[in-house]
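Source file: my_file13.txt. Holds: compact mmCIF, C-alpha atoms.
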# COMPACT_ATOMS: atom_id res chain seq x y z
CA MET E 462 -13.23 7.44 -12.64
CA ASP E 463 -15.04 10.76 -12.21
CA CYS E 464 -14.19 12.52 -8.93
CA ARG E 465 -17.60 14.17 -8.80
CA ASP E 466 -19.52 10.89 -8.34
CA CYS E 467 -16.74 8.62 -7.09
CA ILE E 468 -17.76 5.96 -4.56
CA ASN E 469 -14.19 5.22 -3.49
CA THR E 470 -14.44 5.74 0.27
CA ARG E 471 -10.68 5.34 0.81
CA CYS E 472 -9.69 8.18 -1.51
CA PRO E 473 -8.56 11.24 0.50
CA ILE E 474 -9.77 13.63 -2.20
CA ASN E 475 -13.23 12.09 -2.22
CA ASN E 476 -13.40 11.97 1.58
CA THR E 477 -12.12 15.42 2.47
CA CYS E 478 -12.54 17.91 -0.36
CA LEU E 479 -15.45 20.29 -0.82
CA PRO E 480 -17.73 19.65 -3.85
CA GLU E 481 -16.29 22.52 -5.88
CA TRP E 482 -12.81 21.11 -5.38
CA LEU E 483 -13.92 17.69 -6.57
CA GLN E 484 -14.90 19.47 -9.77
CA TYR E 485 -11.51 21.18 -9.85
CA THR E 486 -9.72 17.85 -9.37
CA GLN E 487 -11.74 16.21 -12.12
CA ASN E 488 -10.84 19.02 -14.51
CA ASN E 489 -7.13 19.08 -13.69
CA LYS E 490 -6.07 15.51 -12.89
CA SER E 491 -4.66 13.06 -15.41
CA SER E 492 -5.90 9.46 -15.52
CA ILE E 493 -3.31 6.76 -16.07
CA TYR E 494 -4.50 3.33 -17.24
CA ALA E 495 -1.59 1.07 -16.37
CA SER E 496 -0.98 -2.54 -17.37
CA VAL E 497 0.42 -5.23 -15.08
CA GLY E 498 3.98 -4.46 -13.96
CA GLN E 499 4.01 -0.94 -15.39
CA SER E 500 6.26 1.60 -13.70
CA ILE E 501 4.41 4.48 -12.08
CA PHE E 502 7.58 6.33 -11.11
CA ASN E 503 11.22 5.34 -10.63
CA GLU E 504 13.86 5.99 -8.02
CA GLY E 505 15.73 9.18 -8.95
CA ASP E 506 12.82 10.75 -10.85
CA LEU E 507 11.83 14.30 -9.97
CA VAL E 508 8.60 14.59 -7.98
CA ARG E 509 6.12 16.42 -10.17
CA GLY E 510 2.90 15.33 -8.47
CA ILE E 511 1.00 12.84 -6.36
CA TYR E 512 -0.69 9.60 -7.39
CA ILE E 513 -3.91 8.05 -6.07
CA ILE E 514 -5.01 4.55 -7.02
CA CYS E 515 -8.58 4.81 -8.34
CA SER E 516 -8.72 1.04 -8.82
CA GLY E 517 -6.03 -1.61 -8.75
CA LYS E 518 -2.94 -2.53 -6.76
CA ALA E 519 0.67 -1.36 -6.65
CA LYS E 520 3.94 -2.21 -4.93
CA VAL E 521 6.61 0.21 -3.72
CA LEU E 522 10.19 -0.94 -4.24
CA MET E 523 13.61 -0.05 -2.88
CA ASP E 524 17.00 -1.39 -3.96
CA ASN E 525 18.95 -3.19 -1.26
CA ASP E 526 22.73 -3.22 -0.76
CA ILE E 527 23.27 -5.77 -3.54
CA GLY E 528 21.08 -3.95 -6.05
CA LYS E 529 18.09 -6.27 -5.71
CA GLU E 530 14.61 -4.82 -5.44
CA ARG E 531 12.72 -5.33 -2.20
CA ILE E 532 9.02 -4.64 -1.75
CA ILE E 533 8.59 -2.23 1.16
CA ARG E 534 4.91 -1.30 0.76
CA VAL E 535 1.78 -2.39 -1.05
CA ALA E 536 -1.11 -0.08 -1.85
CA GLY E 537 -4.65 -0.68 -3.02
CA THR E 538 -7.68 1.22 -4.23
CA GLY E 539 -7.95 4.73 -2.76
CA GLN E 540 -4.41 4.87 -1.43
CA VAL E 541 -1.72 7.45 -2.12
CA LEU E 542 1.56 6.85 -3.94
CA GLY E 543 4.56 9.13 -4.38
CA HIS E 544 4.37 10.96 -1.06
CA ARG E 545 7.79 9.64 -0.02
CA GLY E 546 9.35 11.95 -2.58
CA PHE E 547 8.12 15.15 -0.90
CA SER E 548 11.29 16.61 0.57
CA GLU E 549 13.78 19.40 -0.01
CA THR E 550 15.26 17.54 -2.98
CA MET E 551 11.87 16.48 -4.45
CA VAL E 552 13.38 13.28 -5.83
CA TYR E 553 11.87 9.82 -5.41
CA PRO E 554 13.96 7.57 -3.13
CA ILE E 555 11.85 4.57 -4.17
CA SER E 556 10.03 3.17 -7.21
CA ALA E 557 6.45 1.99 -7.74
CA LYS E 558 4.92 -0.53 -10.13
CA THR E 559 1.44 -1.88 -10.68
CA ILE E 560 0.60 -5.41 -9.56
CA ILE E 561 -2.56 -5.68 -11.67
CA GLU E 562 -4.19 -3.49 -14.30
CA SER E 563 -4.90 -0.22 -12.52
CA GLU E 564 -6.43 3.21 -12.99
CA ILE E 565 -4.33 5.86 -11.29
CA ALA E 566 -5.08 9.56 -10.87
CA TYR E 567 -2.12 11.91 -11.21
CA ILE E 568 -2.38 15.37 -9.66
CA SER E 569 0.43 17.88 -10.21
CA ASN E 570 2.24 19.43 -7.27
CA GLU E 571 0.70 22.82 -8.02
CA ASP E 572 -2.85 21.47 -8.07
CA PHE E 573 -2.31 19.21 -5.06
CA PHE E 574 -0.98 22.10 -2.96
CA LYS E 575 -4.00 24.19 -4.01
CA LEU E 576 -6.27 21.40 -2.78
CA ILE E 577 -4.48 21.26 0.57
CA ARG E 578 -4.58 25.03 1.07
CA SER E 579 -8.29 25.19 0.26
CA ASN E 580 -9.53 22.07 2.08
CA ASN E 581 -8.71 21.95 5.78
CA ASP E 582 -9.86 18.36 6.15
CA LEU E 583 -7.45 17.26 3.41
CA ALA E 584 -4.60 19.12 5.13
CA ILE E 585 -5.36 17.36 8.41
CA TYR E 586 -5.67 14.00 6.63
CA MET E 587 -2.27 14.40 4.97
CA MET E 588 -0.65 15.46 8.25
CA MET E 589 -1.99 12.33 9.95
CA PHE E 590 -1.11 10.21 6.92
CA PHE E 591 2.53 11.28 7.01
CA ALA E 592 2.67 10.70 10.77
CA ASP E 593 1.22 7.21 10.29
CA GLU E 594 3.69 6.43 7.50
CA LEU E 595 6.57 7.52 9.74
CA LEU E 596 5.30 5.24 12.50
CA LYS E 597 5.06 2.31 10.08
CA SER E 598 8.61 2.95 8.87
CA GLU E 599 9.86 2.88 12.46
CA GLN E 600 7.95 -0.36 13.07
CA LEU E 601 9.54 -1.94 10.00
CA LEU E 602 13.03 -0.96 11.14
CA ARG E 603 12.33 -2.53 14.50
CA ALA E 604 10.87 -5.62 12.85
CA ALA E 605 13.89 -6.15 10.61
CA GLY E 606 16.23 -6.45 13.58
CA MET E 607 14.09 -7.98 16.30
CA ARG E 608 11.20 -10.06 15.00
CA THR E 609 11.11 -13.80 14.40
CA SER E 610 10.21 -15.18 10.99
CA LYS E 611 6.67 -15.87 12.22
CA GLU E 612 6.28 -12.27 13.32
CA LYS E 613 7.66 -10.95 10.03
CA VAL E 614 5.25 -13.06 7.99
CA ALA E 615 2.32 -12.08 10.23
CA ASN E 616 3.27 -8.41 9.87
CA ALA E 617 3.46 -8.73 6.09
CA LEU E 618 0.07 -10.44 5.96
CA VAL E 619 -1.59 -7.76 8.09
CA ARG E 620 -0.14 -5.02 5.89
CA VAL E 621 -1.42 -6.85 2.79
CA ILE E 622 -4.89 -7.19 4.33
CA ASN E 623 -4.93 -3.51 5.30
CA ALA E 624 -3.99 -2.53 1.75
CA PHE E 625 -6.11 -4.95 -0.29
CA GLY E 626 -8.75 -6.27 2.11
CA TYR E 627 -10.43 -9.64 1.66
CA THR E 628 -11.64 -11.19 -1.57
CA ASP E 629 -14.42 -12.70 0.54
CA ASN E 630 -15.15 -10.67 3.67
CA LYS E 631 -17.37 -13.32 5.25
CA GLY E 632 -14.89 -16.15 4.75
CA LYS E 633 -11.87 -13.84 5.20
CA GLN E 634 -10.17 -15.00 2.01
CA ILE E 635 -6.98 -12.92 1.88
CA ASP E 636 -6.53 -10.89 -1.29
CA LEU E 637 -2.77 -11.43 -1.42
CA GLY E 638 -2.14 -9.55 -4.65
CA LEU E 639 1.47 -10.75 -4.46
CA ASN E 640 2.84 -14.14 -5.41
CA LEU E 641 4.69 -16.03 -2.67
CA GLN E 642 8.12 -14.93 -3.92
CA GLU E 643 6.99 -11.31 -3.68
CA LEU E 644 5.42 -11.93 -0.27
CA ALA E 645 8.78 -13.26 0.94
CA SER E 646 10.44 -10.06 -0.31
CA PHE E 647 7.78 -8.00 1.46
CA ALA E 648 8.38 -9.90 4.71
CA ALA E 649 12.17 -9.56 4.26
CA ILE E 650 12.78 -13.30 4.51
CA SER E 651 13.73 -16.08 2.10
CA TYR E 652 11.16 -17.98 0.07
CA SER E 653 11.97 -21.22 1.88
CA THR E 654 11.46 -19.56 5.27
CA LEU E 655 8.14 -18.12 4.12
CA SER E 656 6.96 -21.55 2.98
CA ARG E 657 7.92 -23.07 6.33
CA VAL E 658 6.14 -20.34 8.31
CA LEU E 659 2.97 -20.55 6.21
CA THR E 660 2.93 -24.32 6.72
CA GLY E 661 3.20 -23.71 10.47
CA PHE E 662 0.33 -21.20 10.35
CA LEU E 663 -1.82 -23.79 8.56
CA GLN E 664 -0.95 -26.51 11.08
CA THR E 665 -1.73 -24.32 14.10
CA GLY E 666 -4.99 -23.03 12.63
CA ILE E 667 -4.01 -19.40 12.14
CA LEU E 668 -4.65 -19.79 8.43
CA LYS E 669 -6.42 -22.31 6.26
CA LYS E 670 -5.84 -23.01 2.58
CA MET E 671 -8.30 -24.13 -0.07
CA GLU E 672 -7.55 -24.33 -3.80
CA LYS E 673 -4.33 -22.30 -3.38
CA LYS E 674 -6.22 -19.52 -1.59
CA TYR E 675 -5.36 -18.48 1.96
CA TYR E 676 -8.03 -17.66 4.56
CA LEU E 677 -7.50 -15.95 7.90
CA VAL E 678 -8.89 -18.02 10.78
CA ASP E 679 -7.32 -16.58 13.94
CA GLU E 680 -7.35 -12.79 13.59
CA THR E 681 -6.33 -12.21 17.21
CA MET E 682 -3.20 -14.35 16.91
CA ILE E 683 -2.08 -12.81 13.62
CA GLU E 684 -2.46 -9.31 15.11
CA GLN E 685 -0.48 -10.31 18.22
CA LEU E 686 2.34 -11.76 16.12
CA ALA E 687 2.32 -8.76 13.81
CA CYS E 688 2.12 -6.16 16.61
CA MET E 689 -0.34 -4.43 14.31
CA GLU E 690 -4.13 -4.33 14.04
CA ILE E 691 -6.15 -5.24 11.01
CA GLN E 692 -7.94 -2.04 9.99

Encoding of this model in structure tokens:
Amino acid sequence: MDCRDCINTRCPINNTCLPEWLQYTQNNKSSIYASVGQSIFNEGDLVRGIYIICSGKAKVLMDNDIGKERIIRVAGTGQVLGHRGFSETMVYPISAKTIIESEIAYISNEDFFKLIRSNNDLAIYMMMFFADELLKSEQLLRAAGMRTSKEKVANALVRVINAFGYTDNKGKQIDLGLNLQELASFAAISYSTLSRVLTGFLQTGILKKMEKKYYLVDETMIEQLACMEIQ
């Protein structure tokens, strides 16, 4: 995808950089065409740059206490990956893999910092982005210890919708991206608990299901349970 005529409205480079810096990005970025389940970066790798999803979906993973991977974030087209590694150590504390075939732009640290220094709007965006990510991390910590299973599933669904949107905006068909086992991991509950909660959501009219596809019916209720708005 060419940065100079990109129509990706969620991409921070496209939204905030001056035209000459779109040209610079196009000339200096690397494009990664990743297959399903391909590693983008791994926990322990050195941070050498930033990643932006031009098209596709990805999941961010962290090992739990028993060495099992847990999905802690999902990201869709236009969203940033790898920012969690920016620290004094510059080492990734998490891993990322593609969910579907994806095109990913890789921008080196040197070039990314040049973009930030030369584009005030990008600097402001990244400042707000990091603040928002910190807030979400705090919300997840609170959710892990305090929320009911219904609230955890609702929270996971809202985060999926905010990352991937709807397959059908009019009918609000949820673009899950994840299978139900992965969705359970994302919600930090067991698969059996997820199945029970989804059945409850269907019975109470929060969701409906047709041909194995889930549709959001009661947006207000899902937001209240999730303590998070659909963006």

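In terms of minimum interatomic distance to His544 of chain E, E:Ile511 ranks closest within E:Met523, E:Ala566, E:Ile511, E:Leu659, counting all atoms listed in the file.
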
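Among E:Glu530, E:Glu562, E:Asp463, E:Glu612, the residue with the shortest atom-to-atom distance to Gly498 of chain E, counting all atoms listed in the file, is E:Glu562.
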
So which residues touch Ile501 of chain E within 8 Å, counting all atoms listed in the file, skipping near sequence neighbours fewer than 5 positions away, as a CSV table (one decimal) with C-alpha atoms, in the coordinates of the input?
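Contents of part.csv, as written:
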chain,number,residue,atom,x,y,z
E,556,SER,CA,10.0,3.2,-7.2
E,557,ALA,CA,6.4,2.0,-7.7
E,558,LYS,CA,4.9,-0.5,-10.1
E,559,THR,CA,1.4,-1.9,-10.7

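The closest residue to Cys472 of chain E, picked from E:Asn623, E:Phe591, E:Gly537, E:Met671 and counting all atoms listed in the file, is E:Gly537.
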
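Residue neighbourhood of segment 641-654 of chain E, excluding near-sequence residues (fewer than 2 positions): Glu530, Arg531, Ile532, Ile533, Arg534, Val535, Ala605, Ser610, Lys613, Val614, Ala615, Asn616, Ala617, Leu618, Leu637, Leu639, Ser656, Arg657, Val658 and Leu659 of chain E, at 9 Å, using all atoms listed in the file.
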
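In this structure, atom CA of Leu663 of chain E sits 19.8 Å away from atom CA of Cys688 of chain E.
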
Dump N, CA and C atoms of segment 531-557 of chain E from the given block, as a PDB file, in the first residue's frame.
ATOM      1  N   ARG E 531      -1.628 -16.047  26.292  1.00  0.00           N
ATOM      2  CA  ARG E 531      -2.938 -15.414  26.454  1.00  0.00           C
ATOM      3  C   ARG E 531      -3.007 -14.209  25.527  1.00  0.00           C
ATOM      4  N   ILE E 532      -4.123 -14.049  24.853  1.00  0.00           N
ATOM      5  CA  ILE E 532      -4.325 -12.898  23.977  1.00  0.00           C
ATOM      6  C   ILE E 532      -4.696 -11.691  24.835  1.00  0.00           C
ATOM      7  N   ILE E 533      -3.913 -10.629  24.750  1.00  0.00           N
ATOM      8  CA  ILE E 533      -4.177  -9.445  25.568  1.00  0.00           C
ATOM      9  C   ILE E 533      -4.645  -8.253  24.739  1.00  0.00           C
ATOM     10  N   ARG E 534      -4.514  -8.343  23.407  1.00  0.00           N
ATOM     11  CA  ARG E 534      -4.954  -7.250  22.545  1.00  0.00           C
ATOM     12  C   ARG E 534      -5.170  -7.785  21.147  1.00  0.00           C
ATOM     13  N   VAL E 535      -6.119  -7.197  20.441  1.00  0.00           N
ATOM     14  CA  VAL E 535      -6.272  -7.467  19.014  1.00  0.00           C
ATOM     15  C   VAL E 535      -6.162  -6.137  18.287  1.00  0.00           C
ATOM     16  N   ALA E 536      -5.670  -6.185  17.063  1.00  0.00           N
ATOM     17  CA  ALA E 536      -5.463  -4.953  16.295  1.00  0.00           C
ATOM     18  C   ALA E 536      -5.861  -5.193  14.850  1.00  0.00           C
ATOM     19  N   GLY E 537      -6.477  -4.178  14.256  1.00  0.00           N
ATOM     20  CA  GLY E 537      -6.929  -4.281  12.876  1.00  0.00           C
ATOM     21  C   GLY E 537      -6.274  -3.238  11.992  1.00  0.00           C
ATOM     22  N   THR E 538      -6.832  -3.092  10.810  1.00  0.00           N
ATOM     23  CA  THR E 538      -6.289  -2.198   9.798  1.00  0.00           C
ATOM     24  C   THR E 538      -6.078  -0.784  10.343  1.00  0.00           C
ATOM     25  N   GLY E 539      -4.870  -0.257  10.128  1.00  0.00           N
ATOM     26  CA  GLY E 539      -4.536   1.108  10.533  1.00  0.00           C
ATOM     27  C   GLY E 539      -3.983   1.224  11.934  1.00  0.00           C
ATOM     28  N   GLN E 540      -3.934   0.124  12.677  1.00  0.00           N
ATOM     29  CA  GLN E 540      -3.500   0.213  14.063  1.00  0.00           C
ATOM     30  C   GLN E 540      -2.013  -0.137  14.227  1.00  0.00           C
ATOM     31  N   VAL E 541      -1.466   0.344  15.323  1.00  0.00           N
ATOM     32  CA  VAL E 541      -0.033   0.250  15.594  1.00  0.00           C
ATOM     33  C   VAL E 541       0.282  -0.999  16.405  1.00  0.00           C
ATOM     34  N   LEU E 542       1.398  -1.631  16.085  1.00  0.00           N
ATOM     35  CA  LEU E 542       1.915  -2.763  16.842  1.00  0.00           C
ATOM     36  C   LEU E 542       3.370  -2.493  17.230  1.00  0.00           C
ATOM     37  N   GLY E 543       3.774  -3.026  18.366  1.00  0.00           N
ATOM     38  CA  GLY E 543       5.172  -2.939  18.767  1.00  0.00           C
ATOM     39  C   GLY E 543       5.505  -1.799  19.695  1.00  0.00           C
ATOM     40  N   HIS E 544       4.525  -0.934  19.972  1.00  0.00           N
ATOM     41  CA  HIS E 544       4.792   0.233  20.810  1.00  0.00           C
ATOM     42  C   HIS E 544       5.081  -0.146  22.259  1.00  0.00           C
ATOM     43  N   ARG E 545       4.603  -1.330  22.695  1.00  0.00           N
ATOM     44  CA  ARG E 545       4.842  -1.745  24.077  1.00  0.00           C
ATOM     45  C   ARG E 545       6.324  -2.007  24.362  1.00  0.00           C
ATOM     46  N   GLY E 546       7.102  -2.135  23.319  1.00  0.00           N
ATOM     47  CA  GLY E 546       8.527  -2.380  23.518  1.00  0.00           C
ATOM     48  C   GLY E 546       9.351  -1.127  23.728  1.00  0.00           C
ATOM     49  N   PHE E 547       8.754   0.057  23.507  1.00  0.00           N
ATOM     50  CA  PHE E 547       9.508   1.301  23.684  1.00  0.00           C
ATOM     51  C   PHE E 547       9.713   1.573  25.167  1.00  0.00           C
ATOM     52  N   SER E 548      10.932   1.386  25.607  1.00  0.00           N
ATOM     53  CA  SER E 548      11.291   1.557  27.017  1.00  0.00           C
ATOM     54  C   SER E 548      12.800   1.720  27.102  1.00  0.00           C
ATOM     55  N   GLU E 549      13.320   1.784  28.306  1.00  0.00           N
ATOM     56  CA  GLU E 549      14.767   1.896  28.463  1.00  0.00           C
ATOM     57  C   GLU E 549      15.486   0.672  27.915  1.00  0.00           C
ATOM     58  N   THR E 550      14.886  -0.497  28.070  1.00  0.00           N
ATOM     59  CA  THR E 550      15.542  -1.730  27.615  1.00  0.00           C
ATOM     60  C   THR E 550      15.365  -1.963  26.124  1.00  0.00           C
ATOM     61  N   MET E 551      14.282  -1.417  25.530  1.00  0.00           N
ATOM     62  CA  MET E 551      13.952  -1.608  24.116  1.00  0.00           C
ATOM     63  C   MET E 551      13.895  -3.094  23.751  1.00  0.00           C
ATOM     64  N   VAL E 552      13.168  -3.827  24.583  1.00  0.00           N
ATOM     65  CA  VAL E 552      12.950  -5.260  24.361  1.00  0.00           C
ATOM     66  C   VAL E 552      11.445  -5.526  24.442  1.00  0.00           C
ATOM     67  N   TYR E 553      10.924  -6.334  23.533  1.00  0.00           N
ATOM     68  CA  TYR E 553       9.491  -6.618  23.543  1.00  0.00           C
ATOM     69  C   TYR E 553       9.105  -7.486  24.733  1.00  0.00           C
ATOM     70  N   PRO E 554       8.129  -7.048  25.545  1.00  0.00           N
ATOM     71  CA  PRO E 554       7.635  -7.878  26.642  1.00  0.00           C
ATOM     72  C   PRO E 554       6.500  -8.799  26.201  1.00  0.00           C
ATOM     73  N   ILE E 555       6.105  -8.684  24.930  1.00  0.00           N
ATOM     74  CA  ILE E 555       4.983  -9.437  24.397  1.00  0.00           C
ATOM     75  C   ILE E 555       5.336  -9.906  22.981  1.00  0.00           C
ATOM     76  N   SER E 556       4.467 -10.730  22.405  1.00  0.00           N
ATOM     77  CA  SER E 556       4.637 -11.191  21.032  1.00  0.00           C
ATOM     78  C   SER E 556       3.421 -10.778  20.213  1.00  0.00           C
ATOM     79  N   ALA E 557       3.537 -10.837  18.893  1.00  0.00           N
ATOM     80  CA  ALA E 557       2.407 -10.528  18.016  1.00  0.00           C
ATOM     81  C   ALA E 557       2.414 -11.472  16.829  1.00  0.00           C
TER      82      ALA E 557
END
